[in-house]
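Engineer: Okay, so here is target.csv, and as you'll see once you scroll down, it has CSV, C-alpha atoms.
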chain,number,residue,atom,x,y,z
A,941,GLU,CA,-60.7,6.7,-29.6
A,942,THR,CA,-57.1,6.0,-30.7
A,943,GLU,CA,-58.4,3.8,-33.6
A,944,ALA,CA,-61.0,6.4,-34.6
A,945,ALA,CA,-58.3,9.1,-34.7
A,946,ALA,CA,-56.0,6.8,-36.8
A,947,PHE,CA,-58.8,6.3,-39.4
A,948,ALA,CA,-59.6,10.0,-39.4
A,949,ASN,CA,-56.0,10.7,-40.3
A,950,GLY,CA,-56.0,8.4,-43.3
A,951,ALA,CA,-55.1,5.0,-41.9
A,952,THR,CA,-56.4,2.0,-43.9
A,953,ASP,CA,-56.3,-0.4,-41.0
A,954,VAL,CA,-55.5,-0.5,-37.3
A,955,ILE,CA,-53.7,-3.4,-35.6
A,956,ALA,CA,-53.7,-3.5,-31.8
A,957,LYS,CA,-50.8,-5.0,-29.9
A,958,PRO,CA,-50.1,-7.7,-29.1
A,959,PHE,CA,-50.8,-9.1,-32.6
A,960,HIS,CA,-50.4,-12.6,-34.1
A,961,PRO,CA,-47.7,-12.8,-36.8
A,962,ARG,CA,-49.8,-15.0,-39.1
A,963,LEU,CA,-52.8,-12.7,-38.8
A,964,LEU,CA,-50.7,-9.7,-39.5
A,965,ARG,CA,-49.3,-11.4,-42.6
A,966,ARG,CA,-52.7,-12.2,-43.9
A,967,ARG,CA,-54.0,-8.7,-43.3
A,968,LEU,CA,-50.9,-7.2,-45.1
A,969,ASN,CA,-51.3,-9.6,-48.0
A,970,THR,CA,-55.0,-8.7,-48.3
A,971,TYR,CA,-54.1,-5.0,-48.4
A,972,LEU,CA,-51.3,-5.5,-51.0
A,973,GLU,CA,-53.6,-7.6,-53.3
A,974,SER,CA,-56.2,-4.9,-53.0
A,975,ARG,CA,-53.6,-2.2,-53.9
A,976,ARG,CA,-52.4,-4.3,-56.9
A,977,LEU,CA,-56.0,-4.6,-58.3
A,978,GLN,CA,-56.5,-0.9,-57.7
A,979,LEU,CA,-53.4,0.0,-59.8
A,980,LYS,CA,-54.4,-2.5,-62.5
A,981,PHE,CA,-57.9,-1.0,-62.8
A,982,GLN,CA,-56.3,2.5,-62.9
A,983,GLN,CA,-54.0,1.3,-65.8
A,984,ILE,CA,-56.9,-0.2,-67.7
A,985,ALA,CA,-58.9,3.0,-67.3
A,986,ARG,CA,-56.2,4.8,-69.3
A,987,VAL,CA,-56.1,2.4,-72.2
A,988,ASP,CA,-58.4,2.7,-75.2
A,989,ALA,CA,-60.5,-0.5,-75.2
A,990,LEU,CA,-60.5,-0.9,-79.0
A,991,THR,CA,-56.9,0.0,-80.1
A,992,SER,CA,-55.0,-0.8,-76.8
A,993,ILE,CA,-53.1,2.4,-76.9
A,994,SER,CA,-53.5,5.3,-74.5
A,995,ASN,CA,-56.9,7.0,-74.3
A,996,ARG,CA,-58.1,10.6,-73.9
A,997,LEU,CA,-57.8,10.5,-70.1
A,998,GLU,CA,-54.2,9.5,-70.2
A,999,PHE,CA,-53.5,12.1,-72.9
A,1000,ASP,CA,-55.1,15.0,-70.9
A,1001,ASP,CA,-53.1,14.1,-67.8
A,1002,ARG,CA,-49.8,13.8,-69.7
A,1003,LEU,CA,-50.4,17.0,-71.5
A,1004,ILE,CA,-50.8,18.9,-68.3
A,1005,ALA,CA,-47.8,17.2,-66.8
A,1006,GLU,CA,-45.6,17.8,-69.8
A,1007,TRP,CA,-46.8,21.4,-70.2
A,1008,GLY,CA,-45.6,22.2,-66.6
A,1009,ARG,CA,-42.4,20.3,-67.0
A,1010,SER,CA,-41.5,21.9,-70.3
A,1011,SER,CA,-42.4,25.4,-69.1
A,1012,ARG,CA,-40.0,25.0,-66.1
A,1013,ALA,CA,-37.2,23.6,-68.3
A,1014,GLY,CA,-37.8,26.1,-71.1
A,1015,GLU,CA,-38.2,23.3,-73.7
A,1016,SER,CA,-40.4,23.0,-76.7
A,1017,LEU,CA,-43.5,20.8,-76.6
A,1018,ALA,CA,-45.0,19.5,-79.9
A,1019,LEU,CA,-48.4,18.1,-80.7
A,1020,LEU,CA,-49.7,16.2,-83.7
A,1021,MET,CA,-53.4,15.8,-84.3
A,1022,ILE,CA,-53.8,12.9,-86.8
A,1023,ASP,CA,-57.2,12.4,-88.4
A,1024,ILE,CA,-58.2,9.5,-90.7
A,1025,ASP,CA,-59.7,11.0,-93.9
A,1026,ARG,CA,-63.3,10.1,-94.6
A,1027,LEU,CA,-63.6,7.4,-92.0
A,1028,ARG,CA,-67.4,7.4,-92.1
A,1029,ALA,CA,-67.3,6.7,-95.8
A,1030,TYR,CA,-64.9,3.8,-95.1
A,1031,ASN,CA,-67.3,2.4,-92.5
A,1032,ASP,CA,-70.3,2.8,-94.9
A,1033,THR,CA,-68.4,0.9,-97.6
A,1034,PHE,CA,-66.9,-2.0,-95.6
A,1035,GLY,CA,-68.9,-2.0,-92.3
A,1036,HIS,CA,-67.9,-1.0,-88.8
A,1037,LEU,CA,-66.2,-4.2,-88.0
A,1038,ARG,CA,-63.7,-3.7,-90.9
A,1039,GLY,CA,-63.5,0.0,-89.8
A,1040,ASP,CA,-62.5,-1.1,-86.3
A,1041,GLU,CA,-59.8,-3.4,-87.7
A,1042,CYS,CA,-58.5,-0.5,-89.7
A,1043,LEU,CA,-58.4,1.8,-86.6
A,1044,ILE,CA,-56.5,-0.9,-84.6
A,1045,ASP,CA,-53.9,-1.3,-87.4
A,1046,ILE,CA,-53.4,2.4,-87.8
A,1047,ALA,CA,-53.1,2.9,-84.0
A,1048,GLN,CA,-50.3,0.3,-83.9
A,1049,ARG,CA,-48.5,1.7,-86.9
A,1050,LEU,CA,-48.5,5.2,-85.3
A,1051,SER,CA,-47.3,3.8,-82.0
A,1052,GLY,CA,-44.4,2.1,-83.9
A,1053,CYS,CA,-43.6,5.3,-85.8
A,1054,ILE,CA,-43.3,7.3,-82.5
A,1055,GLN,CA,-41.0,5.4,-80.2
A,1056,ARG,CA,-39.1,7.7,-77.9
A,1057,SER,CA,-39.8,6.8,-74.2
A,1058,GLY,CA,-41.2,10.2,-73.4
A,1059,ASP,CA,-43.6,10.4,-76.4
A,1060,LEU,CA,-47.3,9.5,-76.2
A,1061,VAL,CA,-49.7,8.4,-78.9
A,1062,ALA,CA,-53.3,8.3,-77.8
A,1063,ARG,CA,-56.7,7.8,-79.4
A,1064,TYR,CA,-58.3,11.2,-78.9
A,1065,GLU,CA,-61.7,10.4,-80.2
A,1066,GLY,CA,-63.2,8.3,-83.1
A,1067,GLY,CA,-60.7,8.3,-85.9
A,1068,LEU,CA,-58.6,11.2,-84.4
A,1069,PHE,CA,-55.2,10.4,-82.7
A,1070,ALA,CA,-52.9,12.7,-80.8
A,1071,ALA,CA,-49.2,12.5,-80.5
A,1072,LEU,CA,-47.5,14.4,-77.7
A,1073,LEU,CA,-43.8,15.0,-78.3
A,1074,PRO,CA,-41.7,16.6,-75.5
A,1075,GLY,CA,-38.5,18.4,-76.4
A,1076,ILE,CA,-39.4,18.6,-80.1
A,1077,LYS,CA,-39.4,21.8,-82.2
A,1078,LEU,CA,-41.7,22.4,-85.1
A,1079,SER,CA,-39.2,21.4,-87.8
A,1080,SER,CA,-38.7,18.0,-86.2
A,1081,ALA,CA,-42.4,17.6,-85.5
A,1082,LEU,CA,-43.1,18.1,-89.2
A,1083,LYS,CA,-40.6,15.3,-90.1
A,1084,ILE,CA,-42.3,13.0,-87.6
A,1085,ALA,CA,-45.7,13.9,-89.1
A,1086,ARG,CA,-44.5,13.0,-92.6
A,1087,ASP,CA,-43.3,9.7,-91.2
A,1088,CYS,CA,-46.7,9.1,-89.7
A,1089,GLU,CA,-48.4,10.0,-93.0
A,1090,GLN,CA,-46.2,7.6,-94.9
A,1091,VAL,CA,-46.6,4.7,-92.5
A,1092,VAL,CA,-50.4,5.0,-92.7
A,1093,ALA,CA,-50.4,5.3,-96.5
A,1094,GLY,CA,-48.0,2.3,-96.6
A,1095,ALA,CA,-50.6,0.1,-95.0
A,1096,ARG,CA,-52.5,0.3,-98.3
A,1097,HIS,CA,-56.0,-0.1,-96.8
A,1098,PRO,CA,-58.2,0.2,-99.9
A,1099,HIS,CA,-60.6,3.1,-99.7
A,1100,PRO,CA,-62.7,3.3,-102.9
A,1101,ALA,CA,-65.1,5.9,-101.3
A,1102,SER,CA,-62.2,8.4,-100.7
A,1103,SER,CA,-61.9,11.3,-103.1
A,1104,VAL,CA,-58.3,12.1,-102.0
A,1105,ALA,CA,-56.5,8.7,-102.3
A,1106,PRO,CA,-57.2,5.1,-103.3
A,1107,HIS,CA,-56.2,4.0,-99.9
A,1108,VAL,CA,-56.8,5.1,-96.3
A,1109,SER,CA,-55.0,8.4,-95.6
A,1110,VAL,CA,-54.6,10.9,-92.8
A,1111,SER,CA,-54.5,14.6,-92.4
A,1112,ILE,CA,-52.2,16.0,-89.7
A,1113,GLY,CA,-52.2,19.3,-87.8
A,1114,VAL,CA,-48.8,20.1,-86.2
A,1115,THR,CA,-47.8,22.7,-83.6
A,1116,ALA,CA,-44.9,23.2,-81.2
A,1117,MET,CA,-44.1,25.9,-78.6
A,1118,VAL,CA,-42.3,26.5,-75.4
A,1119,PRO,CA,-45.2,26.4,-72.8
A,1120,ILE,CA,-46.1,29.6,-71.0
A,1121,PRO,CA,-46.3,29.0,-67.3
A,1122,ASP,CA,-49.4,31.1,-66.6
A,1123,LYS,CA,-51.3,29.8,-69.6
A,1124,SER,CA,-53.5,26.7,-70.1
A,1125,SER,CA,-52.2,23.7,-71.9
A,1126,SER,CA,-55.3,23.8,-74.0
A,1127,ILE,CA,-53.5,26.4,-76.2
A,1128,LEU,CA,-51.4,23.6,-77.7
A,1129,VAL,CA,-54.5,21.5,-78.5
A,1130,GLU,CA,-56.3,24.6,-80.0
A,1131,GLN,CA,-53.3,25.4,-82.2
A,1132,ALA,CA,-53.1,21.8,-83.5
A,1133,GLU,CA,-56.8,21.7,-84.2
A,1134,ILE,CA,-56.5,25.0,-86.2
A,1135,ALA,CA,-53.7,23.4,-88.3
A,1136,LEU,CA,-55.7,20.2,-88.7
A,1137,TYR,CA,-58.8,22.1,-89.8
A,1138,GLN,CA,-56.7,23.9,-92.4
A,1139,ALA,CA,-55.4,20.5,-93.7
A,1140,LYS,CA,-58.9,19.1,-93.9
A,1141,ARG,CA,-60.2,22.1,-95.7
A,1142,GLN,CA,-57.5,22.0,-98.3
A,1143,ARG,CA,-58.5,18.6,-99.8
A,1144,GLN,CA,-57.3,16.4,-96.9
A,1145,PHE,CA,-54.3,14.0,-97.1
A,1146,ARG,CA,-52.1,16.9,-96.0
A,1147,ILE,CA,-49.9,18.1,-93.2
A,1148,SER,CA,-50.4,21.7,-91.9
A,1149,ALA,CA,-48.4,23.4,-89.2
A,1150,PHE,CA,-49.6,26.2,-87.0
A,1151,GLU,CA,-47.3,29.2,-87.3
A,1152,GLY,CA,-47.4,31.8,-84.5
A,1153,PRO,CA,-50.2,33.8,-82.8
A,1154,SER,CA,-51.6,35.2,-86.1
A,1155,ASP,CA,-53.0,31.7,-87.0
A,1156,GLU,CA,-50.9,31.5,-90.1
A,1157,VAL,CA,-50.6,28.0,-91.3
A,1158,GLN,CA,-47.9,26.4,-93.3
A,1159,ASN,CA,-49.1,23.6,-95.6
A,1160,GLY,CA,-47.2,20.5,-96.9
The structure in this file should be written as C-alpha cells.

Structural biologist:
Amino acid sequence: ETEAAAFANGATDVIAKPFHPRLLRRRLNTYLESRRLQLKFQQIARVDALTSISNRLEFDDRLIAEWGRSSRAGESLALLMIDIDRLRAYNDTFGHLRGDECLIDIAQRLSGCIQRSGDLVARYEGGLFAALLPGIKLSSALKIARDCEQVVAGARHPHPASSVAPHVSVSIGVTAMVPIPDKSSSILVEQAEIALYQAKRQRQFRISAFEGPSDEVQNG
C-alpha cells in the first residue's frame, strides 16, 4: 500500500529498506540516463531538422514566455517576419536540393545577424523565418531588419527567375509593442504578418513596419 501510494503521488521508483548500495547506484544511474535522453529528445524536437535553428514549436513557446515577461516588466517586444522572395520559382529553376542549401545558408546568416542571448531566430514555415527580439523598440527593430536584408542579399545566391532582384532576396514585416497582459501574444504575429503582406504586395524585397492599431504601415 505504501508503494502504491508513492507511485500515485508521482514517484518514479520505490526502494525498500534495507537496500544494497550497488543496486541503488545502478537504479539511480538508469534513472539519470533515462532523464538525459528525455531532455535530449526534447531539445531535438525544438530544432528544425533542415536548418538546425529553432523551429515553430520553440518559437511559439518563447513568444508566450516573452510576452508574459515583457508585459510584467513594461518592456517592448519586437518581431520580424522574414520571407524569402519567390522561393518556389528558385526551386523550379535549380531544384529542391539547391533550394534546401539556400535555406540552410540563409538560416545561418540570419542567426549570425541576430546575436543577443535573449533573441530567437526560428524557421516559422517553408521559406518564412521569425526573429523575436525582447527589449527592442520599433526603430531598433527596423535597423536589425535592414541588417538581415543586407546579409541575405550579400550572399549573392543567383535567382534568375526573380522579378525583384538578380539574387535571392527577402521581404520583412516588422512590429514592436509593449505587451498587454490580458491580450493574446498572437497579436504580435498578426501585426508582423500584416506588415509582411504589405511588403510582398509592394513588389517584394522591401521592409514594412506595422504602425499602430489602424493598420497603417510604414514602408522602406

Engineer: Can you measure atom CA of Ser974 of chain A to atom CA of Asp1001 of chain A for me? One decimal in Å is fine.

Structural biologist: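 Atom-to-atom, atom CA of Ser974 of chain A and atom CA of Asp1001 of chain A are spaced 24.3 Å apart.
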
Engineer: So the first atom is atom CA of Pro1098 of chain A and the second is atom CA of Asp1025 of chain A; what is the distance between them in Å, to one decimal place?

Structural biologist: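 Computing it gives 12.4 Å between the two atoms.
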
Engineer: Using only C-alpha atoms, which residue out of A:Asn1031, A:Asn969, A:Gln978, A:Gln983 lies closest to His1099 of chain A?

Structural biologist: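 Counting only C-alpha atoms, the residue closest to His1099 of chain A is A:Asn1031.
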
Engineer: Wanna dump the segment 1000-1062 of chain A-segment 1112-1133 of chain A contacts at 8 Å for me, each residue with its shortest atom pair and the distance in Å to one decimal, counting all atoms listed in the file, ordered by chain and number, as CSV?

Structural biologist:
residue,atom,partner,partner_atom,distance
A:Leu1003,CA,A:Ser1125,CA,6.9
A:Ile1004,CA,A:Ser1125,CA,6.2
A:Trp1007,CA,A:Pro1119,CA,5.9
A:Gly1008,CA,A:Pro1121,CA,6.9
A:Ser1010,CA,A:Pro1119,CA,6.3
A:Ser1011,CA,A:Pro1119,CA,4.7
A:Arg1012,CA,A:Pro1121,CA,7.6
A:Gly1014,CA,A:Val1118,CA,6.2
A:Glu1015,CA,A:Val1118,CA,5.5
A:Ser1016,CA,A:Val1118,CA,4.2
A:Leu1017,CA,A:Ala1116,CA,5.4
A:Ala1018,CA,A:Ala1116,CA,3.9
A:Leu1019,CA,A:Thr1115,CA,5.5
A:Leu1020,CA,A:Val1114,CA,4.7
A:Met1021,CA,A:Gly1113,CA,5.1
A:Ile1022,CA,A:Ile1112,CA,4.5
A:Asp1023,CA,A:Ile1112,CA,6.3

Engineer: Quick one: everything within 12 Å of segment 946-962 of chain A, counting only C-alpha atoms, minus sequence neighbours fewer than 4 positions away in the same chain. Send it as a compact mmCIF listing (two decimals) with C-alpha atoms, keeping the file's coordinate frame.

Structural biologist:
# COMPACT_ATOMS: atom_id res chain seq x y z
CA GLU A 941 -60.70 6.70 -29.60
CA THR A 942 -57.10 6.00 -30.70
CA ARG A 966 -52.70 -12.20 -43.90
CA ARG A 967 -54.00 -8.70 -43.30
CA LEU A 968 -50.90 -7.20 -45.10
CA ASN A 969 -51.30 -9.60 -48.00
CA THR A 970 -55.00 -8.70 -48.30
CA TYR A 971 -54.10 -5.00 -48.40
CA LEU A 972 -51.30 -5.50 -51.00
CA SER A 974 -56.20 -4.90 -53.00
CA ARG A 975 -53.60 -2.20 -53.90

Engineer: Quick one: residues within 8 Å of (-45.8, 23.8, -86.8) (file frame), counting only C-alpha atoms, please, as a PDB file with C-alpha atoms, in the coordinates of the input.

Structural biologist:
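Now in part23.pdb:
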ATOM      1  CA  LEU A1078     -41.700  22.400 -85.100  1.00  0.00           C
ATOM      2  CA  SER A1079     -39.200  21.400 -87.800  1.00  0.00           C
ATOM      3  CA  ALA A1081     -42.400  17.600 -85.500  1.00  0.00           C
ATOM      4  CA  LEU A1082     -43.100  18.100 -89.200  1.00  0.00           C
ATOM      5  CA  GLY A1113     -52.200  19.300 -87.800  1.00  0.00           C
ATOM      6  CA  VAL A1114     -48.800  20.100 -86.200  1.00  0.00           C
ATOM      7  CA  THR A1115     -47.800  22.700 -83.600  1.00  0.00           C
ATOM      8  CA  ALA A1116     -44.900  23.200 -81.200  1.00  0.00           C
ATOM      9  CA  SER A1148     -50.400  21.700 -91.900  1.00  0.00           C
ATOM     10  CA  ALA A1149     -48.400  23.400 -89.200  1.00  0.00           C
ATOM     11  CA  PHE A1150     -49.600  26.200 -87.000  1.00  0.00           C
ATOM     12  CA  GLU A1151     -47.300  29.200 -87.300  1.00  0.00           C
ATOM     13  CA  VAL A1157     -50.600  28.000 -91.300  1.00  0.00           C
ATOM     14  CA  GLN A1158     -47.900  26.400 -93.300  1.00  0.00           C
TER      15      GLN A1158
END

Engineer: I'd like the contact shell of Phe1145 of chain A - 8 Å cut-off, only C-alpha atoms, skipping same-chain residues fewer than 5 positions apart - returned as a PyMOL selection string.

Structural biologist: chain A and resi 1025+1104-1105+1109-1112+1139-1140

Engineer: If you count only C-alpha atoms, which residues fall within 12 Å of Ser994 of chain A, apart from same-chain ones fewer than 3 positions away, as a PyMOL selection string?

Structural biologist: chain A and resi 983-991+997-1002+1047-1048+1050-1051+1059-1065+1069-1072

Engineer: Can you find the residues with an atom no farther than 12 Å from (-48.5, 1.5, -86.1), counting only C-alpha atoms, and report them as a PyMOL selection string?

Structural biologist: chain A and resi 991-993+1042-1055+1061-1062+1069+1087-1095

Engineer: One decimal, Å: what's the distance from atom CA of Ala1013 of chain A over to atom CA of Arg996 of chain A, could you say?

Structural biologist: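 The value is 25.2 Å.
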
Engineer: Nearest residue to Ser1102 of chain A out of A:Lys1077, A:Arg1086, A:Arg1028, A:Arg1141, using only C-alpha atoms?

Structural biologist: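 For Ser1102 of chain A, the nearest of the given residues is A:Arg1028.
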
Engineer: When you count only C-alpha atoms, which of these residues is closest to Arg1143 of chain A: A:Thr1033, A:Ala944, A:Phe981, A:Arg1026?

Structural biologist: A:Arg1026

Engineer: Point out the residue among A:Glu973, A:Leu1027, A:Leu979, A:Ile1134 with the least atom-to-atom distance to Leu1068 of chain A, counting all atoms listed in the file.

Structural biologist: A:Leu1027
